$ cat my_file_31.csv   # CSV, N, CA and C atoms
chain,number,residue,atom,x,y,z
Y,13,MET,N,-9.3,4.1,-9.4
Y,13,MET,CA,-8.1,4.7,-8.8
Y,13,MET,C,-8.6,5.9,-8.0
Y,14,ASN,N,-8.1,6.0,-6.8
Y,14,ASN,CA,-8.4,7.2,-6.0
Y,14,ASN,C,-7.3,7.6,-5.1
Y,15,LEU,N,-7.4,8.8,-4.5
Y,15,LEU,CA,-6.3,9.3,-3.7
Y,15,LEU,C,-6.1,8.4,-2.4
Y,16,HIS,N,-7.1,7.8,-1.9
Y,16,HIS,CA,-7.0,7.0,-0.7
Y,16,HIS,C,-6.0,5.8,-1.0
Y,17,GLN,N,-6.1,5.2,-2.1
Y,17,GLN,CA,-5.2,4.1,-2.4
Y,17,GLN,C,-3.8,4.6,-2.4
Y,18,PHE,N,-3.5,5.7,-3.0
Y,18,PHE,CA,-2.1,6.3,-2.9
Y,18,PHE,C,-1.7,6.6,-1.5
Y,19,ARG,N,-2.6,7.1,-0.7
Y,19,ARG,CA,-2.4,7.4,0.7
Y,19,ARG,C,-2.0,6.1,1.5
Y,20,PHE,N,-2.7,5.0,1.1
Y,20,PHE,CA,-2.5,3.8,1.8
Y,20,PHE,C,-1.1,3.3,1.5
Y,21,VAL,N,-0.7,3.4,0.2
Y,21,VAL,CA,0.7,3.0,-0.2
Y,21,VAL,C,1.7,3.8,0.6
Y,22,GLN,N,1.5,5.1,0.7
Y,22,GLN,CA,2.4,6.0,1.4
Y,22,GLN,C,2.5,5.6,2.8
Y,23,GLU,N,1.4,5.4,3.5
Y,23,GLU,CA,1.4,5.1,4.9
Y,23,GLU,C,2.1,3.7,5.2
Y,24,ALA,N,1.8,2.8,4.3
Y,24,ALA,CA,2.4,1.5,4.4
Y,24,ALA,C,4.0,1.6,4.3
Y,25,ALA,N,4.4,2.4,3.4
Y,25,ALA,CA,5.9,2.6,3.3
Y,25,ALA,C,6.5,3.3,4.5
Y,26,ARG,N,5.7,4.3,5.1
Y,26,ARG,CA,6.2,4.9,6.3
Y,26,ARG,C,6.3,4.0,7.5
Y,27,ARG,N,5.4,3.0,7.5
Y,27,ARG,CA,5.4,2.0,8.6
Y,27,ARG,C,6.2,0.7,8.2
Y,28,ASN,N,7.2,0.8,7.4
Y,28,ASN,CA,8.1,-0.3,7.0
Y,28,ASN,C,7.2,-1.4,6.4
Y,29,LEU,N,6.2,-1.1,5.6
Y,29,LEU,CA,5.4,-2.1,5.0
Y,29,LEU,C,4.6,-3.0,5.9
Y,30,ASN,N,4.4,-2.5,7.1
Y,30,ASN,CA,3.5,-3.2,8.1
Y,30,ASN,C,2.1,-2.7,7.9
Y,31,LEU,N,1.3,-3.5,7.2
Y,31,LEU,CA,0.0,-3.1,6.8
Y,31,LEU,C,-0.9,-2.9,8.0
Y,32,THR,N,-0.7,-3.7,9.1
Y,32,THR,CA,-1.5,-3.6,10.3
Y,32,THR,C,-1.2,-2.2,10.9
Y,33,GLU,N,0.0,-1.8,11.0
Y,33,GLU,CA,0.4,-0.5,11.6
Y,33,GLU,C,-0.2,0.6,10.7
Y,34,ALA,N,-0.1,0.5,9.4
Y,34,ALA,CA,-0.6,1.5,8.5
Y,34,ALA,C,-2.1,1.6,8.7
Y,35,ALA,N,-2.8,0.5,8.8
Y,35,ALA,CA,-4.2,0.6,9.0
Y,35,ALA,C,-4.6,1.3,10.3
Y,36,LYS,N,-3.8,1.0,11.4
Y,36,LYS,CA,-4.1,1.7,12.7
Y,36,LYS,C,-3.9,3.2,12.5
Y,37,ALA,N,-2.8,3.6,11.8
Y,37,ALA,CA,-2.5,5.0,11.6
Y,37,ALA,C,-3.6,5.7,10.8
Y,38,LEU,N,-4.2,5.0,9.9
Y,38,LEU,CA,-5.2,5.5,9.0
Y,38,LEU,C,-6.6,5.3,9.5
Y,39,HIS,N,-6.7,4.7,10.7
Y,39,HIS,CA,-8.0,4.5,11.3
Y,39,HIS,C,-9.0,3.6,10.4
Y,40,THR,N,-8.4,2.6,9.9
Y,40,THR,CA,-9.2,1.6,9.1
Y,40,THR,C,-8.7,0.2,9.4
Y,41,SER,N,-9.2,-0.7,8.6
Y,41,SER,CA,-8.8,-2.1,8.8
Y,41,SER,C,-7.7,-2.6,8.0
Y,42,GLN,N,-6.9,-3.5,8.4
Y,42,GLN,CA,-5.8,-4.1,7.7
Y,42,GLN,C,-6.3,-4.7,6.4
Y,43,PRO,N,-7.3,-5.5,6.4
Y,43,PRO,CA,-7.8,-6.0,5.1
Y,43,PRO,C,-8.2,-4.9,4.1
Y,44,GLY,N,-8.7,-3.8,4.6
Y,44,GLY,CA,-9.1,-2.7,3.7
Y,44,GLY,C,-7.9,-2.1,3.1
Y,45,VAL,N,-6.8,-1.9,3.8
Y,45,VAL,CA,-5.6,-1.4,3.3
Y,45,VAL,C,-5.0,-2.3,2.2
Y,46,SER,N,-4.9,-3.6,2.6
Y,46,SER,CA,-4.4,-4.6,1.6
Y,46,SER,C,-5.2,-4.6,0.3
Y,47,LYS,N,-6.5,-4.6,0.5
Y,47,LYS,CA,-7.4,-4.6,-0.7
Y,47,LYS,C,-7.3,-3.4,-1.6
Y,48,ALA,N,-7.2,-2.2,-0.9
Y,48,ALA,CA,-7.0,-1.0,-1.7
Y,48,ALA,C,-5.7,-1.0,-2.5
Y,49,ILE,N,-4.6,-1.5,-1.9
Y,49,ILE,CA,-3.3,-1.5,-2.6
Y,49,ILE,C,-3.4,-2.6,-3.7
Y,50,ILE,N,-4.0,-3.7,-3.5
Y,50,ILE,CA,-4.2,-4.7,-4.5
Y,50,ILE,C,-5.0,-4.1,-5.7
Y,51,GLU,N,-6.1,-3.4,-5.4
Y,51,GLU,CA,-6.9,-2.9,-6.4
Y,51,GLU,C,-6.2,-1.8,-7.2
Y,52,LEU,N,-5.4,-1.0,-6.6
Y,52,LEU,CA,-4.6,0.0,-7.3
Y,52,LEU,C,-3.6,-0.7,-8.2
Y,53,ALA,N,-3.0,-1.8,-7.7
Y,53,ALA,CA,-2.0,-2.5,-8.5
Y,53,ALA,C,-2.7,-3.1,-9.8
Y,54,ASN,N,-3.9,-3.6,-9.6
Y,54,ASN,CA,-4.6,-4.2,-10.7
Y,54,ASN,C,-5.0,-3.1,-11.7
Y,55,GLU,N,-5.4,-1.9,-11.2
Y,55,GLU,CA,-5.8,-0.8,-12.1
Y,55,GLU,C,-4.6,-0.3,-12.9
Y,56,LEU,N,-3.5,-0.3,-12.3
Y,56,LEU,CA,-2.3,0.2,-12.9
Y,56,LEU,C,-1.6,-0.9,-13.8
Y,57,GLY,N,-1.9,-2.2,-13.5
Y,57,GLY,CA,-1.4,-3.3,-14.2
Y,57,GLY,C,0.1,-3.6,-13.8
Y,58,VAL,N,0.4,-3.3,-12.6
Y,58,VAL,CA,1.7,-3.6,-12.0
Y,58,VAL,C,1.6,-4.2,-10.6
Y,59,SER,N,2.7,-4.8,-10.2
Y,59,SER,CA,2.7,-5.3,-8.8
Y,59,SER,C,3.4,-4.2,-8.0
Y,60,ILE,N,2.7,-3.8,-6.9
Y,60,ILE,CA,3.3,-2.7,-6.0
Y,60,ILE,C,4.1,-3.3,-4.9
Y,61,LEU,N,3.6,-4.4,-4.3
Y,61,LEU,CA,4.2,-5.0,-3.2
Y,61,LEU,C,4.8,-6.4,-3.6
Y,62,ALA,N,6.0,-6.7,-3.2
Y,62,ALA,CA,6.6,-8.0,-3.4
Y,62,ALA,C,6.2,-8.8,-2.2
Y,63,ARG,N,5.6,-10.0,-2.4
Y,63,ARG,CA,5.1,-10.8,-1.3
Y,63,ARG,C,5.7,-12.2,-1.4
Y,64,SER,N,5.7,-12.8,-0.3
Y,64,SER,CA,6.0,-14.3,-0.2
Y,64,SER,C,4.8,-14.8,0.6
Y,65,GLY,N,3.8,-15.4,-0.1
Y,65,GLY,CA,2.6,-15.8,0.6
Y,65,GLY,C,1.9,-14.5,1.0
Y,66,LYS,N,1.5,-14.5,2.3
Y,66,LYS,CA,0.9,-13.3,2.8
Y,66,LYS,C,1.8,-12.2,3.3
Y,67,ARG,N,3.1,-12.6,3.4
Y,67,ARG,CA,4.1,-11.7,4.0
Y,67,ARG,C,4.6,-10.7,2.9
Y,68,VAL,N,4.6,-9.4,3.3
Y,68,VAL,CA,5.1,-8.4,2.4
Y,68,VAL,C,6.6,-8.3,2.6
Y,69,LEU,N,7.3,-8.4,1.5
Y,69,LEU,CA,8.8,-8.4,1.5
Y,69,LEU,C,9.4,-7.0,1.2
Y,70,GLY,N,8.7,-6.2,0.4
Y,70,GLY,CA,9.2,-4.9,0.0
Y,70,GLY,C,8.3,-4.4,-1.1
Y,71,LEU,N,8.8,-3.2,-1.6
Y,71,LEU,CA,8.1,-2.6,-2.8
Y,71,LEU,C,8.9,-3.1,-4.0
Y,72,THR,N,8.1,-3.3,-5.1
Y,72,THR,CA,8.7,-3.7,-6.4
Y,72,THR,C,9.2,-2.4,-7.0
Y,73,PRO,N,10.0,-2.5,-8.1
Y,73,PRO,CA,10.4,-1.3,-8.8
Y,73,PRO,C,9.2,-0.4,-9.2
Y,74,PRO,N,8.1,-1.0,-9.8
Y,74,PRO,CA,7.0,-0.2,-10.1
Y,74,PRO,C,6.3,0.4,-8.9
Y,75,GLY,N,6.4,-0.4,-7.8
Y,75,GLY,CA,5.8,0.1,-6.5
Y,75,GLY,C,6.6,1.3,-6.0
Y,76,GLN,N,7.9,1.3,-6.2
Y,76,GLN,CA,8.7,2.5,-5.9
Y,76,GLN,C,8.2,3.7,-6.7
Y,77,GLN,N,7.9,3.5,-8.0
Y,77,GLN,CA,7.4,4.6,-8.8
Y,77,GLN,C,6.1,5.1,-8.4
Y,78,VAL,N,5.2,4.2,-8.0
Y,78,VAL,CA,3.9,4.6,-7.5
Y,78,VAL,C,4.0,5.4,-6.2
Y,79,LEU,N,4.9,5.0,-5.3
Y,79,LEU,CA,5.2,5.7,-4.1
Y,79,LEU,C,5.7,7.1,-4.4
Y,80,SER,N,6.6,7.2,-5.3
Y,80,SER,CA,7.2,8.5,-5.7
Y,80,SER,C,6.1,9.4,-6.2
Y,81,ALA,N,5.2,8.8,-7.1
Y,81,ALA,CA,4.1,9.6,-7.6
Y,81,ALA,C,3.1,10.1,-6.5
Y,82,ALA,N,2.9,9.2,-5.5
Y,82,ALA,CA,2.0,9.5,-4.4
Y,82,ALA,C,2.6,10.7,-3.6
Y,83,GLU,N,3.9,10.7,-3.4
Y,83,GLU,CA,4.5,11.7,-2.6
Y,83,GLU,C,4.5,13.0,-3.3

$ encode --input "my_file_31.csv" --output "structure tokens"
Amino acid sequence: MNLHQFRFVQEAARRNLNLTEAAKALHTSQPGVSKAIIELANELGVSILARSGKRVLGLTPPGQQVLSAAE
């Protein structure tokens, strides 16, 4: 777990969960943002993003708590 992962969650939320736009704002790749958020979720043992296939639908309740902690 590191601060970059929390920063990625924050930026994704600011960009309406558009990971491509978050990656552009963070000057990194979209797969890197996605992987960092998935790794954070695995480390915390919770789901952060609600997904339908590859599509991000929103933050889960634990994801909301992670976002609050990040802010």

$ closest_residue --input "my_file_31.csv" --among "Y:Val45, Y:His16, Y:Ile60, Y:Ala37" --to "Y:Ser80" --atoms "only C-alpha atoms"
Y:Ile60

$ atom_distance --input "my_file_31.csv" --atom1 "atom CA of Y:Arg63" --atom2 "atom C of Y:Ile50"
12.9 Å

$ closest_residue --input "my_file_31.csv" --among "Y:Asn28, Y:Asn54, Y:Ser46, Y:Asn14" --to "Y:Leu69" --atoms "all atoms listed in the file"
Y:Asn28

$ residues_near_point --input "my_file_31.csv" --point "(-6.9, -2.8, -6.1)" --cutoff "12 Å" --atoms "only C-alpha atoms" --output "count of residues only"
26

$ residues_around --input "my_file_31.csv" --residues "Y:Ala82" --least-positions-apart "2" --cutoff "7 Å" --atoms "all atoms listed in the file" --output "PDB file with N, CA and C atoms, in the frame of the given file"
ATOM      1  N   PHE Y  18      -3.500   5.700  -3.000  1.00  0.00           N
ATOM      2  CA  PHE Y  18      -2.100   6.300  -2.900  1.00  0.00           C
ATOM      3  C   PHE Y  18      -1.700   6.600  -1.500  1.00  0.00           C
ATOM      4  N   ARG Y  19      -2.600   7.100  -0.700  1.00  0.00           N
ATOM      5  CA  ARG Y  19      -2.400   7.400   0.700  1.00  0.00           C
ATOM      6  C   ARG Y  19      -2.000   6.100   1.500  1.00  0.00           C
ATOM      7  N   GLN Y  22       1.500   5.100   0.700  1.00  0.00           N
ATOM      8  CA  GLN Y  22       2.400   6.000   1.400  1.00  0.00           C
ATOM      9  C   GLN Y  22       2.500   5.600   2.800  1.00  0.00           C
ATOM     10  N   GLN Y  77       7.900   3.500  -8.000  1.00  0.00           N
ATOM     11  CA  GLN Y  77       7.400   4.600  -8.800  1.00  0.00           C
ATOM     12  C   GLN Y  77       6.100   5.100  -8.400  1.00  0.00           C
ATOM     13  N   VAL Y  78       5.200   4.200  -8.000  1.00  0.00           N
ATOM     14  CA  VAL Y  78       3.900   4.600  -7.500  1.00  0.00           C
ATOM     15  C   VAL Y  78       4.000   5.400  -6.200  1.00  0.00           C
ATOM     16  N   LEU Y  79       4.900   5.000  -5.300  1.00  0.00           N
ATOM     17  CA  LEU Y  79       5.200   5.700  -4.100  1.00  0.00           C
ATOM     18  C   LEU Y  79       5.700   7.100  -4.400  1.00  0.00           C
ATOM     19  N   SER Y  80       6.600   7.200  -5.300  1.00  0.00           N
ATOM     20  CA  SER Y  80       7.200   8.500  -5.700  1.00  0.00           C
ATOM     21  C   SER Y  80       6.100   9.400  -6.200  1.00  0.00           C
TER      22      SER Y  80
END

$ atom_distance --input "my_file_31.csv" --atom1 "atom CA of Y:Lys36" --atom2 "atom CA of Y:Gly65"
22.3 Å

$ select_by_dssp --input "my_file_31.csv" --residues "chain Y" --states "alpha helix (DSSP H)" --output "mmCIF file with N, CA and C atoms, keeping the file's coordinate frame"
data_model
loop_
_atom_site.group_PDB
_atom_site.id
_atom_site.type_symbol
_atom_site.label_atom_id
_atom_site.label_comp_id
_atom_site.auth_asym_id
_atom_site.auth_seq_id
_atom_site.Cartn_x
_atom_site.Cartn_y
_atom_site.Cartn_z
ATOM 1 N N LEU Y 15 -7.400 8.800 -4.500
ATOM 2 C CA LEU Y 15 -6.300 9.300 -3.700
ATOM 3 C C LEU Y 15 -6.100 8.400 -2.400
ATOM 4 N N HIS Y 16 -7.100 7.800 -1.900
ATOM 5 C CA HIS Y 16 -7.000 7.000 -0.700
ATOM 6 C C HIS Y 16 -6.000 5.800 -1.000
ATOM 7 N N GLN Y 17 -6.100 5.200 -2.100
ATOM 8 C CA GLN Y 17 -5.200 4.100 -2.400
ATOM 9 C C GLN Y 17 -3.800 4.600 -2.400
ATOM 10 N N PHE Y 18 -3.500 5.700 -3.000
ATOM 11 C CA PHE Y 18 -2.100 6.300 -2.900
ATOM 12 C C PHE Y 18 -1.700 6.600 -1.500
ATOM 13 N N ARG Y 19 -2.600 7.100 -0.700
ATOM 14 C CA ARG Y 19 -2.400 7.400 0.700
ATOM 15 C C ARG Y 19 -2.000 6.100 1.500
ATOM 16 N N PHE Y 20 -2.700 5.000 1.100
ATOM 17 C CA PHE Y 20 -2.500 3.800 1.800
ATOM 18 C C PHE Y 20 -1.100 3.300 1.500
ATOM 19 N N VAL Y 21 -0.700 3.400 0.200
ATOM 20 C CA VAL Y 21 0.700 3.000 -0.200
ATOM 21 C C VAL Y 21 1.700 3.800 0.600
ATOM 22 N N GLN Y 22 1.500 5.100 0.700
ATOM 23 C CA GLN Y 22 2.400 6.000 1.400
ATOM 24 C C GLN Y 22 2.500 5.600 2.800
ATOM 25 N N GLU Y 23 1.400 5.400 3.500
ATOM 26 C CA GLU Y 23 1.400 5.100 4.900
ATOM 27 C C GLU Y 23 2.100 3.700 5.200
ATOM 28 N N ALA Y 24 1.800 2.800 4.300
ATOM 29 C CA ALA Y 24 2.400 1.500 4.400
ATOM 30 C C ALA Y 24 4.000 1.600 4.300
ATOM 31 N N ALA Y 25 4.400 2.400 3.400
ATOM 32 C CA ALA Y 25 5.900 2.600 3.300
ATOM 33 C C ALA Y 25 6.500 3.300 4.500
ATOM 34 N N ARG Y 26 5.700 4.300 5.100
ATOM 35 C CA ARG Y 26 6.200 4.900 6.300
ATOM 36 C C ARG Y 26 6.300 4.000 7.500
ATOM 37 N N LEU Y 31 1.300 -3.500 7.200
ATOM 38 C CA LEU Y 31 0.000 -3.100 6.800
ATOM 39 C C LEU Y 31 -0.900 -2.900 8.000
ATOM 40 N N THR Y 32 -0.700 -3.700 9.100
ATOM 41 C CA THR Y 32 -1.500 -3.600 10.300
ATOM 42 C C THR Y 32 -1.200 -2.200 10.900
ATOM 43 N N GLU Y 33 0.000 -1.800 11.000
ATOM 44 C CA GLU Y 33 0.400 -0.500 11.600
ATOM 45 C C GLU Y 33 -0.200 0.600 10.700
ATOM 46 N N ALA Y 34 -0.100 0.500 9.400
ATOM 47 C CA ALA Y 34 -0.600 1.500 8.500
ATOM 48 C C ALA Y 34 -2.100 1.600 8.700
ATOM 49 N N ALA Y 35 -2.800 0.500 8.800
ATOM 50 C CA ALA Y 35 -4.200 0.600 9.000
ATOM 51 C C ALA Y 35 -4.600 1.300 10.300
ATOM 52 N N LYS Y 36 -3.800 1.000 11.400
ATOM 53 C CA LYS Y 36 -4.100 1.700 12.700
ATOM 54 C C LYS Y 36 -3.900 3.200 12.500
ATOM 55 N N ALA Y 37 -2.800 3.600 11.800
ATOM 56 C CA ALA Y 37 -2.500 5.000 11.600
ATOM 57 C C ALA Y 37 -3.600 5.700 10.800
ATOM 58 N N LEU Y 38 -4.200 5.000 9.900
ATOM 59 C CA LEU Y 38 -5.200 5.500 9.000
ATOM 60 C C LEU Y 38 -6.600 5.300 9.500
ATOM 61 N N GLN Y 42 -6.900 -3.500 8.400
ATOM 62 C CA GLN Y 42 -5.800 -4.100 7.700
ATOM 63 C C GLN Y 42 -6.300 -4.700 6.400
ATOM 64 N N PRO Y 43 -7.300 -5.500 6.400
ATOM 65 C CA PRO Y 43 -7.800 -6.000 5.100
ATOM 66 C C PRO Y 43 -8.200 -4.900 4.100
ATOM 67 N N GLY Y 44 -8.700 -3.800 4.600
ATOM 68 C CA GLY Y 44 -9.100 -2.700 3.700
ATOM 69 C C GLY Y 44 -7.900 -2.100 3.100
ATOM 70 N N VAL Y 45 -6.800 -1.900 3.800
ATOM 71 C CA VAL Y 45 -5.600 -1.400 3.300
ATOM 72 C C VAL Y 45 -5.000 -2.300 2.200
ATOM 73 N N SER Y 46 -4.900 -3.600 2.600
ATOM 74 C CA SER Y 46 -4.400 -4.600 1.600
ATOM 75 C C SER Y 46 -5.200 -4.600 0.300
ATOM 76 N N LYS Y 47 -6.500 -4.600 0.500
ATOM 77 C CA LYS Y 47 -7.400 -4.600 -0.700
ATOM 78 C C LYS Y 47 -7.300 -3.400 -1.600
ATOM 79 N N ALA Y 48 -7.200 -2.200 -0.900
ATOM 80 C CA ALA Y 48 -7.000 -1.000 -1.700
ATOM 81 C C ALA Y 48 -5.700 -1.000 -2.500
ATOM 82 N N ILE Y 49 -4.600 -1.500 -1.900
ATOM 83 C CA ILE Y 49 -3.300 -1.500 -2.600
ATOM 84 C C ILE Y 49 -3.400 -2.600 -3.700
ATOM 85 N N ILE Y 50 -4.000 -3.700 -3.500
ATOM 86 C CA ILE Y 50 -4.200 -4.700 -4.500
ATOM 87 C C ILE Y 50 -5.000 -4.100 -5.700
ATOM 88 N N GLU Y 51 -6.100 -3.400 -5.400
ATOM 89 C CA GLU Y 51 -6.900 -2.900 -6.400
ATOM 90 C C GLU Y 51 -6.200 -1.800 -7.200
ATOM 91 N N LEU Y 52 -5.400 -1.000 -6.600
ATOM 92 C CA LEU Y 52 -4.600 0.000 -7.300
ATOM 93 C C LEU Y 52 -3.600 -0.700 -8.200
ATOM 94 N N ALA Y 53 -3.000 -1.800 -7.700
ATOM 95 C CA ALA Y 53 -2.000 -2.500 -8.500
ATOM 96 C C ALA Y 53 -2.700 -3.100 -9.800
ATOM 97 N N ASN Y 54 -3.900 -3.600 -9.600
ATOM 98 C CA ASN Y 54 -4.600 -4.200 -10.700
ATOM 99 C C ASN Y 54 -5.000 -3.100 -11.700
ATOM 100 N N GLU Y 55 -5.400 -1.900 -11.200
ATOM 101 C CA GLU Y 55 -5.800 -0.800 -12.100
ATOM 102 C C GLU Y 55 -4.600 -0.300 -12.900
ATOM 103 N N LEU Y 56 -3.500 -0.300 -12.300
ATOM 104 C CA LEU Y 56 -2.300 0.200 -12.900
ATOM 105 C C LEU Y 56 -1.600 -0.900 -13.800
ATOM 106 N N PRO Y 73 10.000 -2.500 -8.100
ATOM 107 C CA PRO Y 73 10.400 -1.300 -8.800
ATOM 108 C C PRO Y 73 9.200 -0.400 -9.200
ATOM 109 N N PRO Y 74 8.100 -1.000 -9.800
ATOM 110 C CA PRO Y 74 7.000 -0.200 -10.100
ATOM 111 C C PRO Y 74 6.300 0.400 -8.900
ATOM 112 N N GLY Y 75 6.400 -0.400 -7.800
ATOM 113 C CA GLY Y 75 5.800 0.100 -6.500
ATOM 114 C C GLY Y 75 6.600 1.300 -6.000
ATOM 115 N N GLN Y 76 7.900 1.300 -6.200
ATOM 116 C CA GLN Y 76 8.700 2.500 -5.900
ATOM 117 C C GLN Y 76 8.200 3.700 -6.700
ATOM 118 N N GLN Y 77 7.900 3.500 -8.000
ATOM 119 C CA GLN Y 77 7.400 4.600 -8.800
ATOM 120 C C GLN Y 77 6.100 5.100 -8.400
ATOM 121 N N VAL Y 78 5.200 4.200 -8.000
ATOM 122 C CA VAL Y 78 3.900 4.600 -7.500
ATOM 123 C C VAL Y 78 4.000 5.400 -6.200
ATOM 124 N N LEU Y 79 4.900 5.000 -5.300
ATOM 125 C CA LEU Y 79 5.200 5.700 -4.100
ATOM 126 C C LEU Y 79 5.700 7.100 -4.400
ATOM 127 N N SER Y 80 6.600 7.200 -5.300
ATOM 128 C CA SER Y 80 7.200 8.500 -5.700
ATOM 129 C C SER Y 80 6.100 9.400 -6.200
ATOM 130 N N ALA Y 81 5.200 8.800 -7.100
ATOM 131 C CA ALA Y 81 4.100 9.600 -7.600
ATOM 132 C C ALA Y 81 3.100 10.100 -6.500
ATOM 133 N N ALA Y 82 2.900 9.200 -5.500
ATOM 134 C CA ALA Y 82 2.000 9.500 -4.400
ATOM 135 C C ALA Y 82 2.600 10.700 -3.600
#

$ atom_distance --input "my_file_31.csv" --atom1 "atom CA of Y:Leu71" --atom2 "atom CA of Y:Thr40"
21.4 Å

$ build_atoms --input "my_file_31.csv" --residues "stretch 48-55 of chain Y" --atoms "all heavy atoms" --output "PDB file, keeping the file's coordinate frame"
ATOM      1  N   ALA Y  48      -7.200  -2.200  -0.900  1.00  0.00           N
ATOM      2  CA  ALA Y  48      -7.000  -1.000  -1.700  1.00  0.00           C
ATOM      3  C   ALA Y  48      -5.700  -1.000  -2.500  1.00  0.00           C
ATOM      4  O   ALA Y  48      -5.667  -0.561  -3.640  1.00  0.00           O
ATOM      5  CB  ALA Y  48      -7.040   0.202  -0.740  1.00  0.00           C
ATOM      6  N   ILE Y  49      -4.600  -1.500  -1.900  1.00  0.00           N
ATOM      7  CA  ILE Y  49      -3.300  -1.500  -2.600  1.00  0.00           C
ATOM      8  C   ILE Y  49      -3.400  -2.600  -3.700  1.00  0.00           C
ATOM      9  O   ILE Y  49      -2.875  -2.296  -4.814  1.00  0.00           O
ATOM     10  CB  ILE Y  49      -2.188  -1.839  -1.586  1.00  0.00           C
ATOM     11  CG1 ILE Y  49      -2.010  -0.655  -0.618  1.00  0.00           C
ATOM     12  CG2 ILE Y  49      -0.878  -2.118  -2.326  1.00  0.00           C
ATOM     13  CD1 ILE Y  49      -1.042  -0.900   0.518  1.00  0.00           C
ATOM     14  N   ILE Y  50      -4.000  -3.700  -3.500  1.00  0.00           N
ATOM     15  CA  ILE Y  50      -4.200  -4.700  -4.500  1.00  0.00           C
ATOM     16  C   ILE Y  50      -5.000  -4.100  -5.700  1.00  0.00           C
ATOM     17  O   ILE Y  50      -4.675  -4.328  -6.870  1.00  0.00           O
ATOM     18  CB  ILE Y  50      -4.784  -5.992  -3.975  1.00  0.00           C
ATOM     19  CG1 ILE Y  50      -3.761  -6.691  -3.076  1.00  0.00           C
ATOM     20  CG2 ILE Y  50      -5.245  -6.916  -5.093  1.00  0.00           C
ATOM     21  CD1 ILE Y  50      -4.343  -7.820  -2.240  1.00  0.00           C
ATOM     22  N   GLU Y  51      -6.100  -3.400  -5.400  1.00  0.00           N
ATOM     23  CA  GLU Y  51      -6.900  -2.900  -6.400  1.00  0.00           C
ATOM     24  C   GLU Y  51      -6.200  -1.800  -7.200  1.00  0.00           C
ATOM     25  O   GLU Y  51      -6.320  -1.746  -8.449  1.00  0.00           O
ATOM     26  CB  GLU Y  51      -8.205  -2.258  -5.813  1.00  0.00           C
ATOM     27  CG  GLU Y  51      -9.193  -3.294  -5.345  1.00  0.00           C
ATOM     28  CD  GLU Y  51     -10.405  -2.705  -4.640  1.00  0.00           C
ATOM     29  OE1 GLU Y  51     -10.440  -1.471  -4.406  1.00  0.00           O
ATOM     30  OE2 GLU Y  51     -11.316  -3.483  -4.327  1.00  0.00           O
ATOM     31  N   LEU Y  52      -5.400  -1.000  -6.600  1.00  0.00           N
ATOM     32  CA  LEU Y  52      -4.600   0.000  -7.300  1.00  0.00           C
ATOM     33  C   LEU Y  52      -3.600  -0.700  -8.200  1.00  0.00           C
ATOM     34  O   LEU Y  52      -3.426  -0.303  -9.351  1.00  0.00           O
ATOM     35  CB  LEU Y  52      -3.819   0.887  -6.258  1.00  0.00           C
ATOM     36  CG  LEU Y  52      -2.887   1.934  -6.865  1.00  0.00           C
ATOM     37  CD1 LEU Y  52      -3.664   2.914  -7.729  1.00  0.00           C
ATOM     38  CD2 LEU Y  52      -2.132   2.668  -5.758  1.00  0.00           C
ATOM     39  N   ALA Y  53      -3.000  -1.800  -7.700  1.00  0.00           N
ATOM     40  CA  ALA Y  53      -2.000  -2.500  -8.500  1.00  0.00           C
ATOM     41  C   ALA Y  53      -2.700  -3.100  -9.800  1.00  0.00           C
ATOM     42  O   ALA Y  53      -2.171  -3.012 -10.874  1.00  0.00           O
ATOM     43  CB  ALA Y  53      -1.361  -3.612  -7.712  1.00  0.00           C
ATOM     44  N   ASN Y  54      -3.900  -3.600  -9.600  1.00  0.00           N
ATOM     45  CA  ASN Y  54      -4.600  -4.200 -10.700  1.00  0.00           C
ATOM     46  C   ASN Y  54      -5.000  -3.100 -11.700  1.00  0.00           C
ATOM     47  O   ASN Y  54      -4.955  -3.323 -12.903  1.00  0.00           O
ATOM     48  CB  ASN Y  54      -5.893  -4.919 -10.196  1.00  0.00           C
ATOM     49  CG  ASN Y  54      -5.557  -6.199  -9.476  1.00  0.00           C
ATOM     50  OD1 ASN Y  54      -4.484  -6.773  -9.658  1.00  0.00           O
ATOM     51  ND2 ASN Y  54      -6.462  -6.658  -8.637  1.00  0.00           N
ATOM     52  N   GLU Y  55      -5.400  -1.900 -11.200  1.00  0.00           N
ATOM     53  CA  GLU Y  55      -5.800  -0.800 -12.100  1.00  0.00           C
ATOM     54  C   GLU Y  55      -4.600  -0.300 -12.900  1.00  0.00           C
ATOM     55  O   GLU Y  55      -4.788   0.030 -14.057  1.00  0.00           O
ATOM     56  CB  GLU Y  55      -6.448   0.292 -11.293  1.00  0.00           C
ATOM     57  CG  GLU Y  55      -7.820  -0.044 -10.737  1.00  0.00           C
ATOM     58  CD  GLU Y  55      -8.375   1.046  -9.853  1.00  0.00           C
ATOM     59  OE1 GLU Y  55      -8.122   2.245 -10.117  1.00  0.00           O
ATOM     60  OE2 GLU Y  55      -9.080   0.709  -8.882  1.00  0.00           O
TER      61      GLU Y  55
END
